[in-house]
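Student: One structure, pasted below without further comment.
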Amino acid sequence: MIEKELERLLRDAKADAGLKAELLKTRESGEPVEDFCALARQKGYEINAGELFALGLTESDAKLRSVNGGGVNPIDGWDDAYEQFFTSLIWT
């Protein structure tokens, strides 16, 4: 479910400069992930920090399993759904 919420939030933020600015501003706070999730929930997106971190770990683990033992070392950054979200948001 969180994957769909992140996709929806990213799509909406790409279309709404105000929402994009609000999301980017959360990165400057003392608790950026918590503030990002709080803003997302305030705007009607079901996103929380635990699921956000679990998503990144789950995706990274799946990528490692998909190579039948050939991928023993994770690729830095593949396990961070939060950073991937912002990378996509910034570059659009």
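We name chains A, B, ... following the order of the structure tokens; residues begin at 1 in each chain, and ligands are numbered from 1 as shown.
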Hey, what's within 10 Å of stretch 6-9 of chain A if we count only C-alpha atoms and toss same-chain stuff fewer than 2 positions away? As a ChimeraX atom specification, please?

Tutor: /A:1-4,11-15,19-20,23,40,43-47,52,81-82,85,89

Student: Using only C-alpha atoms, determine which residues lie at most 8 Å from stretch 35-38 of chain A, disregarding the query and same-chain residues fewer than 2 positions distant; provide the list as a PyMOL selection string.

Tutor: chain A and resi 23+26-27+29+31-33+40-42+47-49

Student: Could you check how far atom CA of A:Gly18 sits from atom CA of A:Ala54, in Å to one decimal?

Tutor: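 Atom CA of A:Gly18 sits 28.2 Å away from atom CA of A:Ala54.
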
Student: State, in Å with one decimal place, the distance from atom CA of A:Phe86 to atom CA of A:Leu10.

Tutor: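 Taking atom CA of A:Phe86 and atom CA of A:Leu10, their separation equals 8.7 Å.
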